[in-house]
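Text of query.csv, listed as CSV, C-alpha atoms:
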```csv
chain,number,residue,atom,x,y,z
T,1,MET,CA,-3.3,71.4,-14.8
T,2,ASN,CA,-0.7,70.7,-12.2
T,3,ASN,CA,-3.0,68.9,-9.8
T,4,LEU,CA,-4.1,66.6,-12.6
T,5,ILE,CA,-0.8,65.0,-13.1
T,6,GLU,CA,0.2,64.8,-9.5
T,7,ILE,CA,0.8,61.1,-8.8
T,8,LYS,CA,-0.3,59.7,-5.5
T,9,LYS,CA,2.5,58.9,-3.2
T,10,ASP,CA,0.9,55.7,-2.0
T,11,LEU,CA,0.3,53.7,-5.2
T,12,SER,CA,-2.2,50.8,-5.1
T,13,VAL,CA,-1.7,48.4,-7.9
T,14,LEU,CA,-3.9,45.4,-8.8
T,15,ILE,CA,-2.2,42.7,-10.8
T,16,LEU,CA,-4.2,40.1,-12.6
T,17,GLU,CA,-1.6,37.6,-13.7
T,18,ASP,CA,-1.6,33.8,-13.5
T,19,ASN,CA,2.1,33.3,-14.3
T,20,ASP,CA,4.3,33.4,-11.2
T,21,GLY,CA,7.4,34.4,-13.0
T,22,ASP,CA,5.8,37.3,-14.8
T,23,PHE,CA,4.2,38.4,-11.6
T,24,LEU,CA,7.4,38.3,-9.5
T,25,LEU,CA,9.2,40.4,-12.2
T,26,ILE,CA,6.5,43.1,-12.3
T,27,GLU,CA,6.4,43.1,-8.5
T,28,ASP,CA,10.1,43.7,-8.3
T,29,TYR,CA,10.0,46.5,-10.8
T,30,LEU,CA,7.1,48.2,-9.0
T,31,ILE,CA,8.9,48.0,-5.7
T,32,GLU,CA,12.0,49.4,-7.3
T,33,GLU,CA,10.3,52.3,-9.0
T,34,PHE,CA,7.7,53.4,-6.5
T,35,LYS,CA,8.6,54.1,-2.9
T,36,THR,CA,5.4,52.9,-1.3
T,37,VAL,CA,3.4,50.6,-3.4
T,38,GLN,CA,0.6,48.3,-2.4
T,39,ILE,CA,0.4,45.3,-4.7
T,40,THR,CA,-2.6,42.9,-4.8
T,41,ARG,CA,-2.5,39.9,-7.1
T,42,PHE,CA,-5.2,37.7,-8.5
T,43,GLU,CA,-4.7,34.8,-10.7
T,44,THR,CA,-8.1,34.6,-12.4
T,45,PHE,CA,-10.9,36.9,-13.1
T,46,ILE,CA,-13.4,35.0,-11.0
T,47,GLU,CA,-11.0,35.1,-8.0
T,48,PHE,CA,-10.6,38.8,-8.5
T,49,LYS,CA,-14.3,39.4,-8.8
T,50,ASP,CA,-15.2,37.2,-5.8
T,51,GLN,CA,-12.6,38.3,-3.4
T,52,ILE,CA,-12.0,42.0,-4.0
T,53,SER,CA,-13.8,44.3,-1.6
T,54,GLU,CA,-15.5,47.5,-2.6
T,55,GLN,CA,-13.1,49.4,-0.4
T,56,LYS,CA,-10.2,47.9,-2.3
T,57,VAL,CA,-11.7,48.7,-5.7
T,58,ARG,CA,-12.1,52.3,-4.6
T,59,ASN,CA,-8.5,52.5,-3.5
T,60,THR,CA,-7.1,50.9,-6.6
T,61,ASP,CA,-5.1,53.3,-8.7
T,62,ILE,CA,-4.3,51.0,-11.6
T,63,ILE,CA,-4.9,47.5,-12.9
T,64,LEU,CA,-2.1,45.6,-14.7
T,65,LEU,CA,-3.8,42.9,-16.7
T,66,ASP,CA,-2.5,39.8,-18.3
T,67,LEU,CA,-4.6,39.2,-21.4
T,68,HIS,CA,-4.7,35.5,-20.9
T,69,LEU,CA,-6.1,34.4,-17.6
T,70,PRO,CA,-7.2,30.8,-17.1
T,71,ASP,CA,-10.9,31.7,-17.0
T,72,TYR,CA,-11.2,34.7,-19.3
T,73,SER,CA,-9.0,36.3,-21.9
T,74,GLY,CA,-8.8,39.0,-24.6
T,75,ILE,CA,-11.5,41.5,-25.3
T,76,GLU,CA,-14.0,39.6,-23.3
T,77,LEU,CA,-11.8,39.9,-20.2
T,78,ILE,CA,-11.3,43.6,-20.7
T,79,GLU,CA,-15.0,44.2,-21.2
T,80,LYS,CA,-15.8,42.3,-18.0
T,81,ILE,CA,-13.5,44.4,-16.0
T,82,PHE,CA,-14.8,47.6,-17.6
T,83,ILE,CA,-18.3,46.7,-16.8
T,84,ALA,CA,-17.6,45.9,-13.2
T,85,TYR,CA,-14.9,48.4,-12.4
T,86,SER,CA,-15.2,51.3,-14.8
T,87,GLY,CA,-13.0,54.2,-14.1
T,88,ILE,CA,-9.9,52.3,-13.0
T,89,PRO,CA,-7.2,52.7,-15.6
T,90,ILE,CA,-5.9,49.5,-17.1
T,91,ILE,CA,-2.5,48.6,-18.6
T,92,ILE,CA,-2.3,45.4,-20.5
T,93,LEU,CA,0.6,43.0,-20.2
T,94,THR,CA,1.0,41.0,-23.3
T,95,GLY,CA,3.3,39.0,-25.5
T,96,PHE,CA,4.4,39.7,-29.1
T,97,SER,CA,1.8,37.3,-30.4
T,98,ASP,CA,-1.0,39.4,-29.1
T,99,LEU,CA,0.1,42.7,-30.5
T,100,SER,CA,-2.9,43.3,-32.7
T,101,LEU,CA,-5.3,42.4,-29.9
T,102,ALA,CA,-3.4,44.8,-27.6
T,103,LYS,CA,-3.7,47.6,-30.2
T,104,LYS,CA,-7.4,46.9,-30.6
T,105,SER,CA,-7.9,47.1,-26.9
T,106,LEU,CA,-6.5,50.7,-26.9
T,107,LYS,CA,-9.5,51.7,-28.9
T,108,ILE,CA,-11.9,50.4,-26.3
T,109,GLY,CA,-10.3,52.4,-23.5
T,110,ILE,CA,-7.2,50.6,-22.3
T,111,GLU,CA,-4.6,53.1,-21.3
T,112,ASP,CA,-1.5,51.3,-22.6
T,113,PHE,CA,-0.1,47.9,-23.3
T,114,LEU,CA,3.4,46.6,-22.4
T,115,ILE,CA,5.1,43.7,-24.2
T,116,LYS,CA,6.3,41.5,-21.3
T,117,ASP,CA,9.7,40.8,-22.8
T,118,GLU,CA,10.4,44.4,-23.2
T,119,ILE,CA,9.3,45.7,-19.8
T,120,THR,CA,12.0,47.5,-17.8
T,121,PRO,CA,11.4,49.2,-14.4
T,122,SER,CA,11.5,52.6,-16.1
T,123,ILE,CA,9.2,51.7,-18.9
T,124,LEU,CA,6.7,50.4,-16.4
T,125,HIS,CA,7.1,53.5,-14.3
T,126,LYS,CA,6.5,55.8,-17.2
T,127,SER,CA,3.5,53.8,-18.5
T,128,ILE,CA,1.8,53.9,-15.0
T,129,GLU,CA,2.4,57.6,-14.6
T,130,PHE,CA,1.1,58.4,-18.0
T,131,ALA,CA,-1.9,56.2,-17.5
T,132,LEU,CA,-2.7,57.8,-14.2
T,133,SER,CA,-2.4,61.4,-15.4
T,134,ARG,CA,-4.4,60.7,-18.6
T,135,SER,CA,-7.1,58.9,-16.8
T,136,GLN,CA,-7.5,61.8,-14.3
T,137,TYR,CA,-7.6,64.2,-17.1
T,138,VAL,CA,-10.2,62.2,-19.0
T,139,LYS,CA,-12.3,62.0,-15.8
T,140,HIS,CA,-12.1,65.8,-15.4
T,141,ILE,CA,-13.2,66.3,-19.1
T,142,GLU,CA,-16.0,63.8,-18.7
T,143,ALA,CA,-17.3,65.6,-15.6
T,144,GLN,CA,-17.3,68.8,-17.6
T,145,ASN,CA,-19.0,67.2,-20.5
T,146,GLU,CA,-21.7,65.9,-18.2
T,147,LYS,CA,-22.3,69.5,-16.9
T,148,LEU,CA,-22.4,70.7,-20.5
T,149,ARG,CA,-25.0,68.1,-21.4
T,150,LYS,CA,-27.1,69.1,-18.4
T,151,ILE,CA,-26.9,72.8,-19.5
T,152,ALA,CA,-27.8,71.7,-23.1
T,153,TRP,CA,-30.8,69.8,-21.9
T,154,THR,CA,-32.0,72.8,-19.8
T,155,GLN,CA,-31.5,75.1,-22.7
T,156,SER,CA,-33.6,73.1,-25.1
T,157,HIS,CA,-36.3,71.9,-22.7
T,158,VAL,CA,-36.6,74.5,-20.0
T,159,VAL,CA,-35.4,77.9,-21.1
T,160,ARG,CA,-37.6,78.1,-24.1
T,161,ALA,CA,-40.8,77.3,-22.3
T,162,PRO,CA,-41.4,80.7,-20.7
T,163,LEU,CA,-40.3,82.3,-23.9
T,164,SER,CA,-42.8,80.4,-25.9
T,165,ARG,CA,-45.5,81.5,-23.5
T,166,ILE,CA,-44.5,85.2,-24.1
T,167,LEU,CA,-44.6,84.6,-27.9
T,168,GLY,CA,-48.0,83.0,-27.5
T,169,ILE,CA,-49.4,85.9,-25.5
T,170,ILE,CA,-48.0,88.4,-28.1
T,171,ASN,CA,-49.9,86.4,-30.8
T,172,LEU,CA,-53.1,86.7,-28.8
T,173,LEU,CA,-52.7,90.4,-28.1
T,174,GLU,CA,-51.9,91.2,-31.8
T,175,SER,CA,-55.0,89.5,-32.9
T,176,GLU,CA,-57.1,91.7,-30.6
T,177,SER,CA,-59.1,94.3,-32.5
T,178,GLY,CA,-59.2,97.9,-31.4
T,179,ILE,CA,-55.8,98.3,-29.9
T,180,ASN,CA,-54.4,101.8,-30.3
T,181,GLU,CA,-51.4,102.8,-32.3
T,182,ASP,CA,-49.1,103.3,-29.3
T,183,LEU,CA,-49.9,99.9,-28.0
T,184,LYS,CA,-49.3,98.4,-31.4
T,185,LEU,CA,-45.9,100.0,-31.6
T,186,TRP,CA,-44.8,98.6,-28.2
T,187,LEU,CA,-46.3,95.3,-29.0
T,188,ASN,CA,-44.2,95.2,-32.2
T,189,GLN,CA,-41.1,96.0,-30.1
T,190,LEU,CA,-42.0,93.3,-27.7
T,191,ARG,CA,-42.4,90.8,-30.5
T,192,ASP,CA,-39.0,91.8,-32.1
T,193,SER,CA,-37.2,91.5,-28.8
T,194,SER,CA,-38.8,88.1,-28.1
T,195,ASN,CA,-38.0,86.9,-31.5
T,196,ASP,CA,-34.4,88.0,-31.0
T,197,LEU,CA,-34.3,86.0,-27.8
T,198,ASP,CA,-35.9,83.0,-29.5
T,199,VAL,CA,-33.2,83.0,-32.2
T,200,LEU,CA,-30.5,83.1,-29.5
T,201,VAL,CA,-32.1,80.3,-27.5
T,202,ARG,CA,-32.4,78.1,-30.6
T,203,LYS,CA,-28.8,78.9,-31.5
T,204,ILE,CA,-27.5,77.9,-28.1
T,205,THR,CA,-29.6,74.7,-28.2
T,206,GLU,CA,-28.2,73.9,-31.6
T,207,ASP,CA,-24.6,74.5,-30.4
T,208,ALA,CA,-25.2,72.4,-27.3
T,209,GLN,CA,-26.6,69.6,-29.4
T,210,GLU,CA,-23.3,69.2,-31.1
T,211,ILE,CA,-21.9,68.0,-27.8
T,212,GLU,CA,-24.8,65.5,-27.6
T,213,LEU,CA,-24.3,64.3,-31.1
T,214,ASN,CA,-20.5,64.0,-30.7
T,215,ARG,CA,-21.1,61.8,-27.7
T,216,ASN,CA,-22.6,59.2,-30.0
T,217,TYR,CA,-19.4,58.9,-32.0
T,218,GLU,CA,-17.2,58.3,-29.0
A,219,MET,CA,-67.1,71.3,-37.5
A,220,ASN,CA,-67.3,71.0,-33.8
A,221,LYS,CA,-63.9,69.3,-33.3
A,222,THR,CA,-62.7,68.2,-29.9
A,223,ILE,CA,-59.1,69.0,-29.0
A,224,PHE,CA,-57.2,67.4,-26.1
A,225,LEU,CA,-54.5,69.7,-24.7
A,226,ILE,CA,-52.0,67.6,-22.8
A,227,ASP,CA,-49.6,70.0,-21.1
A,228,ASP,CA,-48.6,70.7,-17.6
A,229,ASP,CA,-48.3,74.4,-18.2
A,230,SER,CA,-51.8,75.8,-17.5
A,231,ILE,CA,-51.0,79.3,-19.0
A,232,LEU,CA,-49.8,77.6,-22.2
A,233,ARG,CA,-53.0,75.6,-22.4
A,234,LEU,CA,-55.0,78.7,-22.0
A,235,ILE,CA,-53.0,80.5,-24.7
A,236,VAL,CA,-53.4,77.6,-27.1
A,237,GLU,CA,-57.2,77.4,-26.5
A,238,MET,CA,-57.7,81.2,-26.9
A,239,THR,CA,-55.6,81.3,-30.0
A,240,MET,CA,-57.3,78.3,-31.6
A,241,LYS,CA,-60.7,79.7,-30.8
A,242,LYS,CA,-59.9,82.8,-32.7
A,243,VAL,CA,-59.5,80.6,-35.7
A,244,ASP,CA,-62.6,78.5,-35.0
A,245,ASP,CA,-64.9,79.3,-32.1
A,246,THR,CA,-66.8,76.0,-32.4
A,247,LEU,CA,-63.8,74.0,-31.1
A,248,SER,CA,-64.2,72.4,-27.8
A,249,PHE,CA,-61.2,71.7,-25.5
A,250,ILE,CA,-60.4,69.2,-23.0
A,251,GLN,CA,-57.5,70.2,-20.7
A,252,CYS,CA,-55.2,67.6,-19.3
A,253,GLU,CA,-52.3,68.5,-17.1
A,254,ASN,CA,-50.2,65.4,-17.8
A,255,GLY,CA,-50.0,62.2,-19.9
A,256,LYS,CA,-51.8,60.1,-17.4
A,257,ILE,CA,-54.8,62.4,-17.1
A,258,GLY,CA,-54.7,62.7,-20.9
A,259,LEU,CA,-55.1,58.9,-21.2
A,260,GLU,CA,-57.9,58.8,-18.7
A,261,LYS,CA,-59.9,61.6,-20.4
A,262,LEU,CA,-59.2,60.2,-23.8
A,263,ASN,CA,-60.7,56.9,-22.8
A,264,GLU,CA,-63.5,58.5,-20.9
A,265,HIS,CA,-64.6,60.5,-23.9
A,266,PHE,CA,-64.1,58.2,-26.8
A,267,GLN,CA,-65.1,54.8,-25.6
A,268,GLY,CA,-66.6,53.3,-28.7
A,269,GLU,CA,-67.3,56.7,-30.2
A,270,SER,CA,-66.0,57.4,-33.6
A,271,SER,CA,-65.9,61.1,-34.1
A,272,ASN,CA,-62.6,62.7,-35.0
A,273,PHE,CA,-60.5,64.4,-32.4
A,274,ILE,CA,-57.1,66.1,-32.2
A,275,VAL,CA,-54.5,65.7,-29.5
A,276,LEU,CA,-51.8,68.3,-28.9
A,277,LEU,CA,-49.2,66.7,-26.7
A,278,ASP,CA,-46.4,68.3,-24.7
A,279,LEU,CA,-43.3,66.2,-24.1
A,280,ASN,CA,-41.9,67.2,-20.7
A,281,MET,CA,-44.5,66.7,-18.0
A,282,PRO,CA,-44.6,65.2,-14.6
A,283,VAL,CA,-46.3,61.8,-13.8
A,284,LEU,CA,-46.5,60.6,-17.4
A,285,ASP,CA,-44.6,62.5,-20.0
A,286,GLY,CA,-45.3,62.8,-23.7
A,287,TRP,CA,-43.1,59.8,-24.5
A,288,GLY,CA,-44.8,57.6,-22.0
A,289,PHE,CA,-48.1,58.7,-23.4
A,290,LEU,CA,-47.0,57.8,-26.9
A,291,ASP,CA,-45.7,54.4,-25.8
A,292,THR,CA,-49.0,53.6,-24.0
A,293,ILE,CA,-51.2,54.3,-27.0
A,294,GLN,CA,-48.8,53.0,-29.6
A,295,ALA,CA,-50.0,49.4,-29.6
A,296,ASP,CA,-53.6,50.5,-29.9
A,297,HIS,CA,-53.4,53.6,-32.1
A,298,SER,CA,-54.8,51.9,-35.2
A,299,ASN,CA,-57.9,50.6,-33.4
A,300,THR,CA,-59.0,52.5,-30.4
A,301,TYR,CA,-57.5,55.7,-31.5
A,302,LYS,CA,-58.0,55.5,-35.2
A,303,ASN,CA,-59.9,58.8,-35.3
A,304,MET,CA,-57.1,60.6,-33.5
A,305,SER,CA,-54.9,63.2,-35.1
A,306,LEU,CA,-51.9,63.6,-32.8
A,307,TYR,CA,-49.4,66.5,-32.9
A,308,ILE,CA,-46.5,67.1,-30.6
A,309,LEU,CA,-46.5,70.7,-29.3
A,310,SER,CA,-43.3,71.3,-27.4
A,311,SER,CA,-41.1,74.2,-26.5
A,312,SER,CA,-38.2,72.0,-27.2
A,313,THR,CA,-36.1,72.7,-30.3
A,314,ASP,CA,-34.0,69.7,-29.6
A,315,ARG,CA,-33.3,67.7,-32.7
A,316,VAL,CA,-33.1,64.5,-30.7
A,317,ASP,CA,-36.7,65.0,-29.7
A,318,ILE,CA,-37.8,65.6,-33.2
A,319,GLU,CA,-36.0,62.5,-34.5
A,320,LYS,CA,-37.4,60.4,-31.7
A,321,SER,CA,-41.0,61.5,-32.4
A,322,LYS,CA,-40.6,60.2,-36.0
A,323,GLN,CA,-40.4,56.7,-34.6
A,324,TYR,CA,-44.1,56.9,-33.8
A,325,SER,CA,-45.9,56.6,-37.1
A,326,PHE,CA,-49.1,58.2,-35.7
A,327,VAL,CA,-47.4,61.5,-34.8
A,328,LYS,CA,-48.6,63.7,-37.5
A,329,ASN,CA,-46.2,66.6,-36.9
A,330,PHE,CA,-43.9,68.2,-34.4
A,331,TYR,CA,-44.7,71.9,-33.6
A,332,HIS,CA,-42.7,74.3,-31.5
A,333,LYS,CA,-44.6,76.5,-29.1
A,334,PRO,CA,-46.3,78.8,-29.7
A,335,LEU,CA,-48.6,77.7,-32.5
A,336,SER,CA,-48.9,80.3,-35.2
A,337,ILE,CA,-52.2,80.9,-37.0
A,338,VAL,CA,-50.8,79.2,-40.1
A,339,GLU,CA,-50.0,76.1,-38.1
A,340,ILE,CA,-53.4,76.1,-36.4
A,341,ASN,CA,-55.0,76.1,-39.8
A,342,GLU,CA,-52.7,73.3,-40.9
A,343,ILE,CA,-53.9,71.2,-37.9
A,344,LEU,CA,-57.6,72.0,-38.3
A,345,ASN,CA,-57.7,71.4,-42.0
A,346,SER,CA,-55.7,68.3,-42.3
```
The structure in this file should be written as structure tokens.
Amino acid sequence: MNNLIEIKKDLSVLILEDNDGDFLLIEDYLIEEFKTVQITRFETFIEFKDQISEQKVRNTDIILLDLHLPDYSGIELIEKIFIAYSGIPIIILTGFSDLSLAKKSLKIGIEDFLIKDEITPSILHKSIEFALSRSQYVKHIEAQNEKLRKIAWTQSHVVRAPLSRILGIINLLESESGINEDLKLWLNQLRDSSNDLDVLVRKITEDAQEIELNRNYE
Amino acid sequence: MNKTIFLIDDDSILRLIVEMTMKKVDDTLSFIQCENGKIGLEKLNEHFQGESSNFIVLLDLNMPVLDGWGFLDTIQADHSNTYKNMSLYILSSSTDRVDIEKSKQYSFVKNFYHKPLSIVEINEILNS
């Protein structure tokens, strides 16, 4: 768990904020709280989208997002960023008037929202640290879920195939006439064992499917 | 009866098992083996161009080249005309509920069977 919440020494923050005053304040707070912090600012979504390099996106640890940019705002803005840059945690900067919108955005995957008038250096610091550790943790869980899904798929689509062949062959052998009693006994044993295995495989498939089904409710 | 059965499955042993088992129930059945959906489509069209006799398709889902879903998608538009004499069943080793639900979206899929087919299920297929 420790490695999950280890915050990078060299923090790279992307700020999308069109208001100079708000930006300067956040910039000050960041410099005050984080020893080495790289700050990149864009004033509009289009500017951000057009000018940012892939390299920069990869290195970005967190996005601080004003909900009202001149070109896009609100949920539409958030979704645009999600689509293009999924995986980077986002903290929203907002005013009191947007509280309900900010709360709604938490449901679609925003890490946190900060009311601009209430931001202090320590609140900002804490929010960023929490956002980073949570997003790393979620990524870790998602990677595990992905592995589980693959196992689930293999279970239901691959593992049962050779077993169904065995069961089919047993069916055929059992319908042969003139097999002696000894062979019949062992054939029965083979069927019982294969059926046991089938029950197990089906059970595992069923359990694994709950992961799949749960994904739909996410 | 003399029914024709298309076995569309990439597992050759499984195809053999199905054929042998079904022949025990009815030895007049004739089988056409297809190792994937694409070959299935080709043989289907080859054998039943304009012909009207009934036939049965046993379709596996996971196959290379063209899988069972691709096969279903291809014939879906035409199933009530070109393939109106077809009785199609899915025969899969999958017990995945997602597959079973998905197969219900195709109105012409008569049933979903898990491998292997039992004698009871074979009779169901042949007598329906």
Proximal residues of chain T relative to chain A (only C-alpha atoms; 7 Å) as a PyMOL selection string: chain T and resi 156-157+160-161+164-165+167-169+172+202+205
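The list of residues with at least one atom within 12 Å of A:Ser298, based on all atoms listed in the file and without residues fewer than 4 positions apart in the same chain, reads A:Ile293, A:Gln294, A:Lys302, A:Asn303, A:Met304, A:Ser305, A:Tyr324, A:Ser325, A:Phe326.
Remark: for A:Glu253, the closest of the candidate residues A:Phe224, A:Tyr307, A:Tyr331, A:Tyr301 is A:Phe224 (distances computed over all atoms listed in the file).
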Residues within 9 Å of stretch 123-131 of chain T, please, as a ChimeraX atom specification. Count all atoms listed in the file; anything in the same chain fewer than 2 positions from it doesn't count. /T:5,7,26,29-30,33-34,62,89-91,111-114,118-121,133-136
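Atom CA of A:Asn345 is positioned 27.5 Å from atom CA of A:Gly288.
A straight line drawn from atom CA of A:Gly255 to atom CA of T:Asn171 is 26.5 Å long.
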As a check of understanding: the span from atom CA of A:Leu290 to atom CA of A:Asp228 is 16.0 Å
message: For a quick check of your reading of the model, name the residues lying within 12 Å of the coordinate (-19.3, 45.7, -11.2), counting only C-alpha atoms, and write them as a PyMOL selection string.
response: chain T and resi 48-50+52-54+57-58+79-88
Any chance you could build stretch 269-289 of chain A out to N, CA and C atoms and write it as a PDB file, keeping the file's coordinate frame?
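Dumped everything to rebuild_8.pdb:
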```
ATOM      1  N   GLU A 269     -66.767  55.573 -29.366  1.00  0.00           N
ATOM      2  CA  GLU A 269     -67.300  56.700 -30.200  1.00  0.00           C
ATOM      3  C   GLU A 269     -66.340  56.865 -31.380  1.00  0.00           C
ATOM      4  N   SER A 270     -66.881  57.369 -32.456  1.00  0.00           N
ATOM      5  CA  SER A 270     -66.000  57.400 -33.600  1.00  0.00           C
ATOM      6  C   SER A 270     -65.744  58.763 -34.203  1.00  0.00           C
ATOM      7  N   SER A 271     -66.137  59.820 -33.504  1.00  0.00           N
ATOM      8  CA  SER A 271     -65.900  61.100 -34.100  1.00  0.00           C
ATOM      9  C   SER A 271     -64.381  61.484 -34.012  1.00  0.00           C
ATOM     10  N   ASN A 272     -63.966  62.291 -34.961  1.00  0.00           N
ATOM     11  CA  ASN A 272     -62.600  62.700 -35.000  1.00  0.00           C
ATOM     12  C   ASN A 272     -62.159  63.589 -33.892  1.00  0.00           C
ATOM     13  N   PHE A 273     -60.956  63.447 -33.453  1.00  0.00           N
ATOM     14  CA  PHE A 273     -60.500  64.400 -32.400  1.00  0.00           C
ATOM     15  C   PHE A 273     -58.970  64.626 -32.616  1.00  0.00           C
ATOM     16  N   ILE A 274     -58.533  65.715 -32.018  1.00  0.00           N
ATOM     17  CA  ILE A 274     -57.100  66.100 -32.200  1.00  0.00           C
ATOM     18  C   ILE A 274     -56.462  66.119 -30.807  1.00  0.00           C
ATOM     19  N   VAL A 275     -55.248  65.639 -30.764  1.00  0.00           N
ATOM     20  CA  VAL A 275     -54.500  65.700 -29.500  1.00  0.00           C
ATOM     21  C   VAL A 275     -53.246  66.557 -29.733  1.00  0.00           C
ATOM     22  N   LEU A 276     -53.070  67.538 -28.873  1.00  0.00           N
ATOM     23  CA  LEU A 276     -51.800  68.300 -28.900  1.00  0.00           C
ATOM     24  C   LEU A 276     -51.054  67.944 -27.623  1.00  0.00           C
ATOM     25  N   LEU A 277     -49.911  67.327 -27.840  1.00  0.00           N
ATOM     26  CA  LEU A 277     -49.200  66.700 -26.700  1.00  0.00           C
ATOM     27  C   LEU A 277     -47.866  67.370 -26.453  1.00  0.00           C
ATOM     28  N   ASP A 278     -47.699  67.760 -25.199  1.00  0.00           N
ATOM     29  CA  ASP A 278     -46.400  68.300 -24.700  1.00  0.00           C
ATOM     30  C   ASP A 278     -45.486  67.106 -24.426  1.00  0.00           C
ATOM     31  N   LEU A 279     -44.187  67.345 -24.356  1.00  0.00           N
ATOM     32  CA  LEU A 279     -43.300  66.200 -24.100  1.00  0.00           C
ATOM     33  C   LEU A 279     -42.861  66.139 -22.616  1.00  0.00           C
ATOM     34  N   ASN A 280     -42.417  67.255 -22.069  1.00  0.00           N
ATOM     35  CA  ASN A 280     -41.900  67.200 -20.700  1.00  0.00           C
ATOM     36  C   ASN A 280     -43.008  67.549 -19.694  1.00  0.00           C
ATOM     37  N   MET A 281     -43.458  66.498 -19.033  1.00  0.00           N
ATOM     38  CA  MET A 281     -44.500  66.700 -18.000  1.00  0.00           C
ATOM     39  C   MET A 281     -44.260  65.735 -16.875  1.00  0.00           C
ATOM     40  N   PRO A 282     -44.770  66.099 -15.688  1.00  0.00           N
ATOM     41  CA  PRO A 282     -44.600  65.200 -14.600  1.00  0.00           C
ATOM     42  C   PRO A 282     -45.589  63.969 -14.721  1.00  0.00           C
ATOM     43  N   VAL A 283     -45.457  63.017 -13.865  1.00  0.00           N
ATOM     44  CA  VAL A 283     -46.300  61.800 -13.800  1.00  0.00           C
ATOM     45  C   VAL A 283     -46.092  60.911 -15.019  1.00  0.00           C
ATOM     46  N   LEU A 284     -46.724  61.287 -16.138  1.00  0.00           N
ATOM     47  CA  LEU A 284     -46.500  60.600 -17.400  1.00  0.00           C
ATOM     48  C   LEU A 284     -46.187  61.578 -18.463  1.00  0.00           C
ATOM     49  N   ASP A 285     -44.985  61.512 -18.990  1.00  0.00           N
ATOM     50  CA  ASP A 285     -44.600  62.500 -20.000  1.00  0.00           C
ATOM     51  C   ASP A 285     -45.096  62.140 -21.376  1.00  0.00           C
ATOM     52  N   GLY A 286     -44.778  62.997 -22.333  1.00  0.00           N
ATOM     53  CA  GLY A 286     -45.300  62.800 -23.700  1.00  0.00           C
ATOM     54  C   GLY A 286     -44.822  61.446 -24.274  1.00  0.00           C
ATOM     55  N   TRP A 287     -43.576  61.084 -24.007  1.00  0.00           N
ATOM     56  CA  TRP A 287     -43.100  59.800 -24.500  1.00  0.00           C
ATOM     57  C   TRP A 287     -43.811  58.627 -23.941  1.00  0.00           C
ATOM     58  N   GLY A 288     -44.067  58.711 -22.642  1.00  0.00           N
ATOM     59  CA  GLY A 288     -44.800  57.600 -22.000  1.00  0.00           C
ATOM     60  C   GLY A 288     -46.210  57.528 -22.528  1.00  0.00           C
ATOM     61  N   PHE A 289     -46.796  58.672 -22.815  1.00  0.00           N
ATOM     62  CA  PHE A 289     -48.100  58.700 -23.400  1.00  0.00           C
ATOM     63  C   PHE A 289     -48.112  58.022 -24.781  1.00  0.00           C
TER      64      PHE A 289
END
```
